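Undergrad: Just data_10.txt, nothing more (compact mmCIF, C-alpha atoms):
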# COMPACT_ATOMS: atom_id res chain seq x y z
CA MET C 1 92.49 95.30 67.52
CA ASN C 2 89.23 95.07 69.47
CA VAL C 3 89.74 95.89 73.12
CA ALA C 4 87.03 95.82 75.74
CA LEU C 5 87.57 98.36 78.47
CA PHE C 6 86.93 97.04 81.96
CA VAL C 7 86.55 99.95 84.38
CA PRO C 8 86.74 98.94 88.05
CA CYS C 9 83.72 100.16 90.04
CA TYR C 10 85.66 102.51 92.33
CA VAL C 11 87.41 104.04 89.30
CA ASP C 12 84.01 104.57 87.70
CA GLN C 13 82.67 106.20 90.88
CA PHE C 14 85.67 108.13 92.23
CA TYR C 15 88.28 108.45 89.48
CA PRO C 16 86.46 108.53 86.12
CA GLN C 17 89.35 110.55 84.64
CA VAL C 18 91.49 107.39 84.97
CA ALA C 19 89.07 105.42 82.79
CA ILE C 20 88.96 108.23 80.23
CA ALA C 21 92.78 108.45 80.14
CA THR C 22 92.98 104.66 79.66
CA MET C 23 90.52 104.82 76.77
CA GLU C 24 92.30 107.74 75.07
CA LEU C 25 95.71 106.13 75.54
CA LEU C 26 94.64 102.81 73.99
CA LYS C 27 92.92 104.59 71.11
CA LYS C 28 96.11 106.53 70.37
CA HIS C 29 97.92 103.22 70.02
CA GLY C 30 95.54 101.80 67.48
CA CYS C 31 93.01 99.98 69.61
CA THR C 32 89.30 99.99 68.87
CA ILE C 33 87.68 100.46 72.25
CA HIS C 34 84.45 98.83 73.33
CA TYR C 35 82.78 99.59 76.62
CA PRO C 36 80.23 96.95 77.60
CA LEU C 37 77.61 99.07 79.33
CA ASN C 38 76.25 96.53 81.81
CA GLN C 39 79.57 95.79 83.50
CA THR C 40 79.67 96.01 87.28
CA CYS C 41 82.11 95.34 90.13
CA CYS C 42 84.17 92.20 89.41
CA GLY C 43 83.29 90.69 92.80
CA GLN C 44 86.72 91.00 94.37
CA PRO C 45 85.58 92.57 97.68
CA MET C 46 83.31 89.62 98.44
CA ALA C 47 85.81 86.98 97.30
CA ASN C 48 88.70 88.54 99.23
CA ALA C 49 86.62 88.71 102.41
CA GLY C 50 86.02 84.96 102.19
CA PHE C 51 82.59 85.02 100.54
CA ALA C 52 83.55 83.77 97.07
CA ALA C 53 80.13 82.12 96.69
CA MET C 54 78.52 85.58 96.83
CA SER C 55 80.45 86.73 93.77
CA THR C 56 79.07 84.09 91.38
CA LYS C 57 76.51 86.55 89.97
CA CYS C 58 79.31 89.05 89.34
CA ASP C 59 81.19 86.28 87.50
CA LYS C 60 78.12 85.54 85.39
CA ASN C 61 77.61 89.21 84.56
CA PHE C 62 81.31 89.68 83.77
CA ILE C 63 81.24 86.79 81.29
CA GLU C 64 78.07 88.09 79.61
CA ASN C 65 79.63 91.53 79.17
CA PHE C 66 83.14 90.56 78.15
CA LYS C 67 82.82 87.43 76.02
CA SER C 68 83.95 87.49 72.41
CA PHE C 69 86.53 90.30 72.70
CA ASP C 70 90.14 89.90 71.53
CA TYR C 71 91.42 91.56 74.67
CA ILE C 72 90.06 92.95 77.91
CA VAL C 73 92.08 95.74 79.53
CA ALA C 74 91.67 97.47 82.89
CA PRO C 75 93.63 100.23 84.67
CA SER C 76 93.98 98.06 87.78
CA GLY C 77 96.31 95.19 88.68
CA SER C 78 94.06 94.25 91.55
CA CYS C 79 90.79 93.72 89.65
CA VAL C 80 92.59 92.06 86.73
CA LEU C 81 94.26 89.60 89.07
CA HIS C 82 90.92 88.76 90.63
CA ILE C 83 89.40 87.92 87.25
CA LYS C 84 92.53 86.08 86.13
CA GLU C 85 92.57 83.85 89.18
CA HIS C 86 88.94 83.61 90.23
CA LEU C 87 86.58 83.97 87.29
CA HIS C 88 84.67 80.69 87.09
CA SER C 89 81.46 79.46 85.58
CA THR C 90 79.67 76.16 85.83
CA THR C 91 77.67 76.81 82.64
CA ASP C 92 80.25 78.52 80.42
CA LYS C 93 83.66 77.13 81.33
CA VAL C 94 85.12 77.73 77.88
CA GLU C 95 84.32 81.46 77.90
CA ALA C 96 85.44 81.88 81.54
CA THR C 97 88.81 80.31 80.66
CA ARG C 98 89.09 82.46 77.53
CA ILE C 99 88.47 85.66 79.52
CA ARG C 100 90.98 84.65 82.21
CA ASN C 101 93.60 84.29 79.46
CA ARG C 102 92.58 87.46 77.60
CA ILE C 103 92.47 90.02 80.40
CA TYR C 104 95.39 92.41 80.92
CA GLU C 105 96.39 95.15 83.31
CA LEU C 106 97.11 98.36 81.35
CA THR C 107 100.93 98.48 81.67
CA GLU C 108 101.35 94.77 80.88
CA PHE C 109 99.05 95.16 77.88
CA MET C 110 101.05 98.14 76.60
CA THR C 111 104.36 96.33 77.16
CA ASP C 112 103.56 92.74 76.16
CA VAL C 113 100.78 93.04 73.57
CA LEU C 114 101.11 96.50 72.02
CA LYS C 115 104.89 96.34 72.52
CA ILE C 116 105.09 100.11 73.01
CA GLU C 117 108.63 101.47 72.62
CA LYS C 118 107.78 105.17 72.19
CA LEU C 119 105.25 107.54 73.71
CA LEU C 120 104.27 111.12 72.95
CA ALA C 121 103.60 111.85 76.58
CA HIS C 122 105.02 114.89 78.33
CA PHE C 123 104.89 115.23 82.11
CA PRO C 124 107.54 117.60 83.49
CA HIS C 125 107.36 116.59 87.14
CA LYS C 126 109.17 114.62 89.81
CA VAL C 127 107.31 111.33 90.25
CA GLY C 128 107.47 108.44 92.72
CA LEU C 129 106.09 105.06 91.66
CA HIS C 130 104.06 102.89 93.97
CA PRO C 131 103.78 99.40 92.48
CA GLY C 132 100.55 97.79 93.70
CA CYS C 133 101.11 94.32 95.20
CA HIS C 134 98.52 92.56 93.02
CA GLY C 135 100.06 93.92 89.82
CA GLN C 136 103.63 93.28 90.86
CA ARG C 137 103.38 90.01 92.74
CA GLY C 138 100.25 88.59 91.15
CA LEU C 139 100.65 89.65 87.52
CA HIS C 140 104.47 90.04 87.61
CA THR C 141 104.45 93.52 86.14
CA SER C 142 107.86 93.98 87.78
CA SER C 143 110.56 91.93 89.50
CA MET C 144 110.41 91.58 93.29
CA SER C 145 113.23 93.05 95.38
CA GLU C 146 113.41 90.05 97.73
CA LEU C 147 114.19 87.65 94.87
CA VAL C 148 117.64 87.19 93.34
CA ASP C 149 116.42 87.75 89.81
CA THR C 150 116.86 89.93 86.72
CA SER C 151 115.42 93.33 87.55
CA PHE C 152 112.58 94.62 85.34
CA SER C 153 109.53 96.87 85.62
CA LYS C 154 106.84 97.35 82.99
CA PRO C 155 105.48 100.57 84.55
CA GLU C 156 109.00 102.02 84.96
CA LYS C 157 109.84 101.16 81.36
CA LEU C 158 106.77 103.09 80.18
CA LEU C 159 107.41 106.04 82.52
CA ALA C 160 110.97 106.28 81.15
CA MET C 161 109.44 107.09 77.73
CA VAL C 162 107.63 110.16 79.13
CA LYS C 163 109.34 113.40 78.27
CA GLY C 164 110.30 115.61 81.22
CA LEU C 165 109.40 113.04 83.83
CA GLN C 166 111.90 112.52 86.62
CA LEU C 167 111.35 109.15 88.29
CA THR C 168 112.60 108.82 91.87
CA LYS C 169 113.44 105.57 93.67
CA ALA C 170 111.83 104.78 96.99
CA LYS C 171 114.17 103.20 99.57
CA ARG C 172 111.83 100.25 99.85
CA PRO C 173 110.70 99.98 96.26
CA ASP C 174 107.99 97.37 96.58
CA GLU C 175 106.34 97.40 99.98
CA CYS C 176 102.56 97.32 100.32
CA CYS C 177 100.84 100.68 100.95
CA GLY C 178 98.58 99.07 103.54
CA PHE C 179 95.29 99.51 101.68
CA GLY C 180 94.49 95.84 101.11
CA GLY C 181 90.75 96.25 100.43
CA THR C 182 88.83 95.46 103.60
CA PHE C 183 92.17 95.27 105.46
CA CYS C 184 92.08 99.06 105.80
CA VAL C 185 88.82 98.69 107.72
CA THR C 186 89.58 95.63 109.85
CA GLU C 187 93.19 96.63 110.62
CA GLU C 188 92.97 100.40 110.46
CA ALA C 189 96.03 101.21 112.59
CA VAL C 190 98.45 98.95 110.69
CA SER C 191 96.97 100.04 107.37
CA VAL C 192 97.45 103.74 108.11
CA LYS C 193 100.98 103.25 109.46
CA MET C 194 102.02 101.33 106.34
CA GLY C 195 100.65 104.13 104.18
CA LYS C 196 102.44 106.79 106.23
CA ASP C 197 105.73 104.90 105.87
CA ARG C 198 105.36 104.75 102.08
CA ILE C 199 104.50 108.46 101.93
CA LYS C 200 107.52 109.38 104.06
CA GLU C 201 109.87 107.87 101.46
CA HIS C 202 108.21 109.83 98.65
CA THR C 203 108.20 112.99 100.78
CA ASP C 204 111.94 112.53 101.47
CA ASN C 205 112.42 112.23 97.70
CA LYS C 206 110.54 115.55 97.28
CA VAL C 207 108.19 114.18 94.62
CA ASP C 208 105.38 116.22 93.08
CA TYR C 209 103.28 113.14 92.35
CA ILE C 210 102.90 109.55 93.49
CA THR C 211 101.71 107.30 90.69
CA SER C 212 100.56 103.69 90.53
CA GLY C 213 98.77 101.23 88.30
CA ASP C 214 96.06 100.95 90.93
CA SER C 215 93.76 103.78 91.98
CA SER C 216 92.87 101.79 95.11
CA CYS C 217 96.43 102.15 96.49
CA LEU C 218 96.40 105.81 95.45
CA MET C 219 93.04 106.38 97.17
CA HIS C 220 94.53 105.09 100.43
CA LEU C 221 97.69 107.20 100.07
CA GLU C 222 95.64 110.25 99.02
CA GLY C 223 93.57 109.99 102.21
CA ILE C 224 96.72 110.14 104.32
CA LEU C 225 98.32 112.91 102.20
CA LYS C 226 95.20 115.08 102.63
CA ARG C 227 95.22 114.60 106.40
CA GLN C 228 98.90 115.60 106.41
CA GLN C 229 98.00 118.62 104.26
CA SER C 230 100.77 117.50 101.93
CA SER C 231 101.31 119.19 98.59
CA ILE C 232 102.04 115.80 96.96
CA GLN C 233 99.35 114.70 94.54
CA VAL C 234 98.39 111.21 93.40
CA ILE C 235 97.89 110.36 89.74
CA HIS C 236 97.16 107.08 87.98
CA ILE C 237 99.86 105.94 85.53
CA ALA C 238 97.31 106.03 82.67
CA GLU C 239 96.93 109.79 83.19
CA ILE C 240 100.71 110.31 82.95
CA LEU C 241 101.14 108.09 79.89
CA ASN C 242 98.26 109.96 78.26
CA ALA C 243 99.54 113.42 79.24
CA ASP C 244 100.34 114.96 75.87
CA ARG C 245 97.55 117.45 75.42
CA TYR C 246 99.52 120.07 77.35
CA ALA C 247 102.81 119.20 75.65
CA SER C 248 104.90 122.34 75.38
CA ASN C 249 106.63 121.45 72.10
CA MET R 250 95.76 80.20 124.07
CA PRO R 251 93.32 83.05 124.73
CA ALA R 252 91.85 84.76 121.67
CA ILE R 253 93.51 88.10 120.95
CA ASN R 254 92.23 91.11 119.06
CA HIS R 255 95.06 91.84 116.67
CA ALA R 256 93.64 95.17 115.48
CA ASP R 257 93.37 96.56 119.05
CA LEU R 258 96.77 95.27 120.13
CA SER R 259 98.48 96.69 117.07
CA ALA R 260 96.72 100.05 117.53
CA ASN R 261 98.18 100.18 121.06
CA PHE R 262 101.63 99.29 119.77
CA ILE R 263 101.55 101.82 116.92
CA ALA R 264 100.36 104.60 119.28
CA ASP R 265 104.05 104.91 120.18
CA GLU R 266 105.18 105.87 116.69
CA ALA R 267 108.87 106.36 117.54
CA ARG R 268 109.08 102.84 118.96
CA THR R 269 107.19 101.45 115.96
CA ASP R 270 109.66 103.12 113.59
CA TRP R 271 112.60 101.75 115.58
CA HIS R 272 111.09 98.27 115.45
CA ASP R 273 110.44 98.57 111.71
CA GLU R 274 113.92 99.90 110.93
CA THR R 275 115.53 97.12 112.98
CA LEU R 276 113.71 94.47 110.97
CA TRP R 277 114.48 96.27 107.70
CA PHE R 278 118.17 96.30 108.67
CA VAL R 279 118.00 92.50 108.92
CA ARG R 280 116.23 92.36 105.56
CA GLN R 281 118.98 94.46 103.93
CA LYS R 282 121.71 92.22 105.33
CA ARG R 283 119.78 89.21 104.04
CA ASP R 284 119.49 90.78 100.57
CA LYS R 285 123.20 91.55 100.52
CA ALA R 286 124.10 87.98 101.39
CA ALA R 287 121.53 86.44 99.02
CA ASN R 288 122.72 88.51 96.08
CA GLN R 289 126.24 87.13 96.42
CA LEU R 290 124.97 83.70 95.31
CA PRO R 291 123.77 83.60 91.71
CA ASP R 292 121.91 80.31 92.28
CA TRP R 293 120.30 81.55 95.50
CA GLU R 294 116.70 80.94 94.36
CA HIS R 295 117.57 77.40 93.25
CA LEU R 296 119.18 76.66 96.62
CA ARG R 297 116.24 78.24 98.44
CA ASN R 298 113.77 76.06 96.53
CA MET R 299 115.84 73.00 97.24
CA ALA R 300 115.89 73.81 100.98
CA SER R 301 112.14 74.30 100.87
CA HIS R 302 111.66 70.88 99.22
CA ILE R 303 113.91 69.23 101.82
CA LYS R 304 111.74 70.73 104.57
CA ASP R 305 108.54 69.53 102.87
CA HIS R 306 110.01 66.07 102.37
CA THR R 307 111.18 65.84 105.98
CA LEU R 308 107.84 66.99 107.39
CA SER R 309 105.95 64.51 105.19
CA LYS R 310 108.11 61.64 106.52
CA LEU R 311 108.57 62.93 110.04
CA ASP R 312 107.46 59.69 111.72
CA ALA R 313 110.25 57.69 110.05
CA TYR R 314 112.89 60.38 110.68
CA LEU R 315 111.97 60.72 114.36
CA THR R 316 112.26 57.00 115.04
CA ALA R 317 115.55 56.89 113.09
CA PHE R 318 116.79 59.80 115.21
CA GLU R 319 115.72 58.02 118.41
CA MET R 320 117.49 54.81 117.36
CA ASN R 321 120.76 56.63 116.61
CA ALA R 322 120.54 58.76 119.75
CA ILE R 323 120.06 55.66 121.93
CA LYS R 324 123.08 54.08 120.21
CA ASN R 325 125.06 57.12 121.42
CA ASN R 326 123.86 56.59 125.00
CA ILE R 327 121.38 59.45 124.88
CA LYS R 328 118.08 59.05 126.71
CA VAL R 329 115.12 60.06 124.52
CA HIS R 330 111.77 61.20 125.96
CA TRP R 331 108.54 61.33 123.95
CA ALA R 332 105.95 63.95 124.84
CA ALA R 333 102.49 63.99 123.27
CA ASP R 334 101.83 67.65 124.10
CA ALA R 335 103.24 70.78 125.75
CA ASN R 336 102.05 69.76 129.19
CA MET R 337 103.74 66.37 129.06
CA HIS R 338 106.91 68.03 127.72
CA ASN R 339 107.01 70.42 130.68
CA GLU R 340 106.24 67.65 133.23
CA ILE R 341 109.06 65.44 131.91
CA ILE R 342 111.57 68.29 132.31
CA TYR R 343 110.27 69.22 135.75
CA ASP R 344 110.51 65.56 136.80
CA ILE R 345 114.20 65.47 135.80
CA ILE R 346 114.83 68.72 137.72
CA LEU R 347 113.10 67.35 140.85
CA LYS R 348 114.99 64.04 140.76
CA ASN R 349 118.28 65.97 140.63
CA GLN R 350 117.23 68.51 143.31
CA ILE R 351 117.95 71.53 141.08
CA GLN R 352 116.84 75.11 141.84
CA LYS R 353 118.49 77.01 138.99
CA VAL R 354 118.40 76.24 135.27
CA VAL R 355 120.36 77.75 132.38
CA LYS R 356 118.99 76.91 128.98
CA SER R 357 119.54 77.92 125.38
CA LYS R 358 116.75 79.67 123.55
CA SER R 359 114.45 77.28 121.78
CA MET R 360 111.21 77.94 119.95
CA LEU R 361 109.90 74.57 121.13
CA THR R 362 110.27 75.43 124.82
CA GLU R 363 108.82 78.86 124.09
CA GLU R 364 105.75 77.36 122.42
CA CYS R 365 105.36 74.96 125.35
CA HIS R 366 105.63 77.91 127.78
CA LEU R 367 108.35 76.04 129.68
CA ASN R 368 109.88 79.08 131.42
CA PRO R 369 106.64 80.32 133.07
CA PHE R 370 105.88 76.71 134.03
CA LEU R 371 109.25 76.27 135.77
CA ILE R 372 109.11 79.70 137.43
CA LYS R 373 105.66 78.80 138.79
CA HIS R 374 107.29 75.75 140.40
CA GLY R 375 109.98 77.87 142.06
CA ILE R 376 112.79 77.16 139.60
CA GLU R 377 115.00 80.07 138.50
CA VAL R 378 115.47 80.06 134.70
CA VAL R 379 118.20 81.90 132.79
CA ASP R 380 118.06 81.94 128.99
CA THR R 381 121.58 82.13 127.56
CA ASP R 382 120.47 83.85 124.36
CA LEU R 383 121.66 87.46 124.36
CA GLY R 384 118.87 88.51 122.00
CA GLU R 385 116.31 87.68 124.71
CA ARG R 386 117.88 90.37 126.87
CA ILE R 387 118.05 92.99 124.13
CA VAL R 388 114.50 92.52 122.88
Mind turning this structure into structure tokens?
TA:
Amino acid sequence: MNVALFVPCYVDQFYPQVAIATMELLKKHGCTIHYPLNQTCCGQPMANAGFAAMSTKCDKNFIENFKSFDYIVAPSGSCVLHIKEHLHSTTDKVEATRIRNRIYELTEFMTDVLKIEKLLAHFPHKVGLHPGCHGQRGLHTSSMSELVDTSFSKPEKLLAMVKGLQLTKAKRPDECCGFGGTFCVTEEAVSVKMGKDRIKEHTDNKVDYITSGDSSCLMHLEGILKRQQSSIQVIHIAEILNADRYASN
Amino acid sequence: MPAINHADLSANFIADEARTDWHDETLWFVRQKRDKAANQLPDWEHLRNMASHIKDHTLSKLDAYLTAFEMNAIKNNIKVHWAADANMHNEIIYDIILKNQIQKVVKSKSMLTEECHLNPFLIKHGIEVVDTDLGERIV
């Protein structure tokens, strides 16, 4: 199975270990990984700030880099949702549509396409999950607590397969961390308070790590944790699902 | 309405963290009660969608429903006033108060009168206004 790895720009710059973990994890499960070298930012920051017209060159570049792959996978619900909902082209509509239908966030790809039922991962720690809004509400990687619906969670299902991992439940399981891209700049006070409230729940649960499918949420929470001099660490879910190299057995 | 700077106002509000937490927990308490009630109805989402469609339908045909309401209200000996904007709404009420030589008003809480700023308008004209909604006093 040919899979093109789409690495969000901030992951590339700040959390390269997340991209490496994603690549190793997919390889372990039989994927042939391709990394189109000329990929850039997907254009989400411009589009979300109301300047969608300024992201057309990003769209063009994305299509050039990612056409003709069976699947495109990224360790980010946020960037995947942007492509899924906003990738357009006036000159190559067929390929733009194909990419929109072929792009997956990592946990949905592992659950829905690879149909993973077993992992070799070992991570003997207490972990709190922060589901990013774009992954949960946009890509439906888990059910939403405000809906009367059958409860499910693709990231939780995968974390349950990790040996030694103790998953804790936050009191408010699916509230936004307050990052919101440029929101954290334009509405700093609200953004920080939302992050502090999420962290308090994980602190009360005495977790060792907070994990998420989005490094952007984790970056925001990490900033607050550092200022609080907290011992809680953040880790992307790809790093946990790939954590078998230190397996004790 | 004057333009407001939401970021500055919220920063002022959040500066009092204890009050912010109290506010947040109060709203979350309402959310939990709502969840509890909603989860007792298996077809909740279906009913919720239906209610949403009824609202959309009503708003899209508001002109017909308003005139039908007026016709039926008149049949029941109710006098109906039409106001084009908030100002006219307030003037109509003030006119009724003047004609009846009233100094004190008790009224139920209504979002419409709140959006029209009726209470400040009446107070400015020397009328004493008491809202009967208990929540107004608590919040």
Undergrad: What's the separation between atom CA of Leu129 of chain C and atom CA of Thr211 of chain C, in Å to one decimal place?
TA: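 The value is 5.0 Å.
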Undergrad: Considering only C-alpha atoms, state which residue in the set C:Phe109, C:Phe6, C:Phe183, C:Tyr209 is at the smallest distance from chain R.
TA: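 Selected residue with least distance to chain R: C:Phe183.
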Undergrad: Give me the chain R side of the contact with chain C, cut-off 12 Å, one line per residue showing its nearest atom pair and distance in Å at one decimal, counting only C-alpha atoms, sorted by chain and residue number, as JSON lines.
TA:
{"residue": "R:Asn254", "atom": "CA", "partner": "C:Glu187", "partner_atom": "CA", "distance": 10.1}
{"residue": "R:His255", "atom": "CA", "partner": "C:Glu187", "partner_atom": "CA", "distance": 7.9}
{"residue": "R:Ala256", "atom": "CA", "partner": "C:Glu187", "partner_atom": "CA", "distance": 5.1}
{"residue": "R:Asp257", "atom": "CA", "partner": "C:Ala189", "partner_atom": "CA", "distance": 8.4}
{"residue": "R:Leu258", "atom": "CA", "partner": "C:Ala189", "partner_atom": "CA", "distance": 9.6}
{"residue": "R:Ser259", "atom": "CA", "partner": "C:Val190", "partner_atom": "CA", "distance": 6.8}
{"residue": "R:Ala260", "atom": "CA", "partner": "C:Ala189", "partner_atom": "CA", "distance": 5.1}
{"residue": "R:Asn261", "atom": "CA", "partner": "C:Ala189", "partner_atom": "CA", "distance": 8.8}
{"residue": "R:Phe262", "atom": "CA", "partner": "C:Ala189", "partner_atom": "CA", "distance": 9.3}
{"residue": "R:Ile263", "atom": "CA", "partner": "C:Ala189", "partner_atom": "CA", "distance": 7.0}
{"residue": "R:Ala264", "atom": "CA", "partner": "C:Ala189", "partner_atom": "CA", "distance": 8.7}
{"residue": "R:Asp265", "atom": "CA", "partner": "C:Lys193", "partner_atom": "CA", "distance": 11.3}
{"residue": "R:Glu266", "atom": "CA", "partner": "C:Lys193", "partner_atom": "CA", "distance": 8.8}
{"residue": "R:Ala267", "atom": "CA", "partner": "C:Lys193", "partner_atom": "CA", "distance": 11.7}
{"residue": "R:Thr269", "atom": "CA", "partner": "C:Lys193", "partner_atom": "CA", "distance": 9.2}
{"residue": "R:Asp270", "atom": "CA", "partner": "C:Asp197", "partner_atom": "CA", "distance": 8.8}
{"residue": "R:Asp273", "atom": "CA", "partner": "C:Asp197", "partner_atom": "CA", "distance": 9.8}
{"residue": "R:Glu274", "atom": "CA", "partner": "C:Asp197", "partner_atom": "CA", "distance": 10.8}
{"residue": "R:Trp277", "atom": "CA", "partner": "C:Arg172", "partner_atom": "CA", "distance": 9.2}
{"residue": "R:Phe278", "atom": "CA", "partner": "C:Arg172", "partner_atom": "CA", "distance": 11.6}
{"residue": "R:Arg280", "atom": "CA", "partner": "C:Glu146", "partner_atom": "CA", "distance": 8.6}
{"residue": "R:Gln281", "atom": "CA", "partner": "C:Glu146", "partner_atom": "CA", "distance": 9.4}
{"residue": "R:Lys282", "atom": "CA", "partner": "C:Glu146", "partner_atom": "CA", "distance": 11.5}
{"residue": "R:Arg283", "atom": "CA", "partner": "C:Glu146", "partner_atom": "CA", "distance": 9.0}
{"residue": "R:Asp284", "atom": "CA", "partner": "C:Glu146", "partner_atom": "CA", "distance": 6.8}
{"residue": "R:Lys285", "atom": "CA", "partner": "C:Val148", "partner_atom": "CA", "distance": 10.1}
{"residue": "R:Ala286", "atom": "CA", "partner": "C:Val148", "partner_atom": "CA", "distance": 10.4}
{"residue": "R:Ala287", "atom": "CA", "partner": "C:Val148", "partner_atom": "CA", "distance": 6.9}
{"residue": "R:Asn288", "atom": "CA", "partner": "C:Val148", "partner_atom": "CA", "distance": 5.9}
{"residue": "R:Gln289", "atom": "CA", "partner": "C:Val148", "partner_atom": "CA", "distance": 9.1}
{"residue": "R:Leu290", "atom": "CA", "partner": "C:Val148", "partner_atom": "CA", "distance": 8.4}
{"residue": "R:Pro291", "atom": "CA", "partner": "C:Val148", "partner_atom": "CA", "distance": 7.3}
{"residue": "R:Asp292", "atom": "CA", "partner": "C:Val148", "partner_atom": "CA", "distance": 8.2}
{"residue": "R:Trp293", "atom": "CA", "partner": "C:Val148", "partner_atom": "CA", "distance": 6.6}
{"residue": "R:Glu294", "atom": "CA", "partner": "C:Val148", "partner_atom": "CA", "distance": 6.4}
{"residue": "R:His295", "atom": "CA", "partner": "C:Val148", "partner_atom": "CA", "distance": 9.8}
{"residue": "R:Leu296", "atom": "CA", "partner": "C:Val148", "partner_atom": "CA", "distance": 11.1}
{"residue": "R:Arg297", "atom": "CA", "partner": "C:Leu147", "partner_atom": "CA", "distance": 10.3}
{"residue": "R:Asn298", "atom": "CA", "partner": "C:Leu147", "partner_atom": "CA", "distance": 11.7}
Undergrad: Between atom CA of Asn2 of chain C and atom CA of Ser89 of chain C, measure the distance and give it in Å to one decimal.
TA: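 Taking atom CA of Asn2 of chain C and atom CA of Ser89 of chain C, their separation equals 23.7 Å.
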Undergrad: Can you tell me which residues surround segment 55-59 of chain C at a distance of at most 9 Å, considering only C-alpha atoms, apart from same-chain residues fewer than 3 positions away, and format the answer as a PDB file with C-alpha atoms, in the coordinates of the input?
TA:
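Saved as around13.pdb:
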ATOM      1  CA  GLN C  39      79.570  95.790  83.500  1.00  0.00           C
ATOM      2  CA  THR C  40      79.670  96.010  87.280  1.00  0.00           C
ATOM      3  CA  CYS C  41      82.110  95.340  90.130  1.00  0.00           C
ATOM      4  CA  CYS C  42      84.170  92.200  89.410  1.00  0.00           C
ATOM      5  CA  GLY C  43      83.290  90.690  92.800  1.00  0.00           C
ATOM      6  CA  GLN C  44      86.720  91.000  94.370  1.00  0.00           C
ATOM      7  CA  PRO C  45      85.580  92.570  97.680  1.00  0.00           C
ATOM      8  CA  MET C  46      83.310  89.620  98.440  1.00  0.00           C
ATOM      9  CA  ALA C  47      85.810  86.980  97.300  1.00  0.00           C
ATOM     10  CA  PHE C  51      82.590  85.020 100.540  1.00  0.00           C
ATOM     11  CA  ALA C  52      83.550  83.770  97.070  1.00  0.00           C
ATOM     12  CA  PHE C  62      81.310  89.680  83.770  1.00  0.00           C
ATOM     13  CA  ILE C  63      81.240  86.790  81.290  1.00  0.00           C
ATOM     14  CA  GLU C  64      78.070  88.090  79.610  1.00  0.00           C
ATOM     15  CA  ILE C  83      89.400  87.920  87.250  1.00  0.00           C
ATOM     16  CA  HIS C  86      88.940  83.610  90.230  1.00  0.00           C
ATOM     17  CA  LEU C  87      86.580  83.970  87.290  1.00  0.00           C
ATOM     18  CA  HIS C  88      84.670  80.690  87.090  1.00  0.00           C
ATOM     19  CA  SER C  89      81.460  79.460  85.580  1.00  0.00           C
ATOM     20  CA  ALA C  96      85.440  81.880  81.540  1.00  0.00           C
TER      21      ALA C  96
END
Undergrad: Where's the centre, and what are the edge lengths in Å to one decimal, of a box along x, y and z enclosing all listed atoms of segment 342-357 of chain R padded 5 Å per side, as AutoDock Vina command-line options?
TA:
--center_x 115.3 --center_y 71.0 --center_z 134.3 --size_x 20.1 --size_y 23.9 --size_z 27.9
Undergrad: So how many Å separate atom CA of Ser231 of chain C and atom CA of Asp208 of chain C, to one decimal?
TA: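 Atom-to-atom, atom CA of Ser231 of chain C and atom CA of Asp208 of chain C are spaced 7.5 Å apart.
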Undergrad: Which one is closest to Asn61 of chain C: C:Met23, C:Leu139, C:Leu114, C:Leu37? Count all atoms listed in the file.
TA: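 Between C:Met23, C:Leu139, C:Leu114, C:Leu37, the residue approaching Asn61 of chain C most closely is C:Leu37.
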Undergrad: Neighbours of segment 342-346 of chain R within 10 Å (all atoms listed in the file; same-chain residues fewer than 4 positions away dropped), as a list in words?
TA: His330, Met337, His338, Gln350, Ile351, Gln352, Lys353, Val354, Leu367, Phe370, Leu371, His374 and Ile376 of chain R
Undergrad: Which residues are close to Gln228 of chain C, i.e. within 12 Å by all atoms listed in the file, leaving aside same-chain residues fewer than 3 positions away? Reply as a PyMOL selection string.
TA: chain C and resi 195-196+199-200+203+221-225+231-233
Undergrad: Please produce a file of those selected residues containing C-alpha atoms, as a PDB file, in the frame of the given file.
TA:
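The resulting file, again_23.pdb, is shown below:
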ATOM      1  CA  GLY C 195     100.650 104.130 104.180  1.00  0.00           C
ATOM      2  CA  LYS C 196     102.440 106.790 106.230  1.00  0.00           C
ATOM      3  CA  ILE C 199     104.500 108.460 101.930  1.00  0.00           C
ATOM      4  CA  LYS C 200     107.520 109.380 104.060  1.00  0.00           C
ATOM      5  CA  THR C 203     108.200 112.990 100.780  1.00  0.00           C
ATOM      6  CA  LEU C 221      97.690 107.200 100.070  1.00  0.00           C
ATOM      7  CA  GLU C 222      95.640 110.250  99.020  1.00  0.00           C
ATOM      8  CA  GLY C 223      93.570 109.990 102.210  1.00  0.00           C
ATOM      9  CA  ILE C 224      96.720 110.140 104.320  1.00  0.00           C
ATOM     10  CA  LEU C 225      98.320 112.910 102.200  1.00  0.00           C
ATOM     11  CA  SER C 231     101.310 119.190  98.590  1.00  0.00           C
ATOM     12  CA  ILE C 232     102.040 115.800  96.960  1.00  0.00           C
ATOM     13  CA  GLN C 233      99.350 114.700  94.540  1.00  0.00           C
TER      14      GLN C 233
END
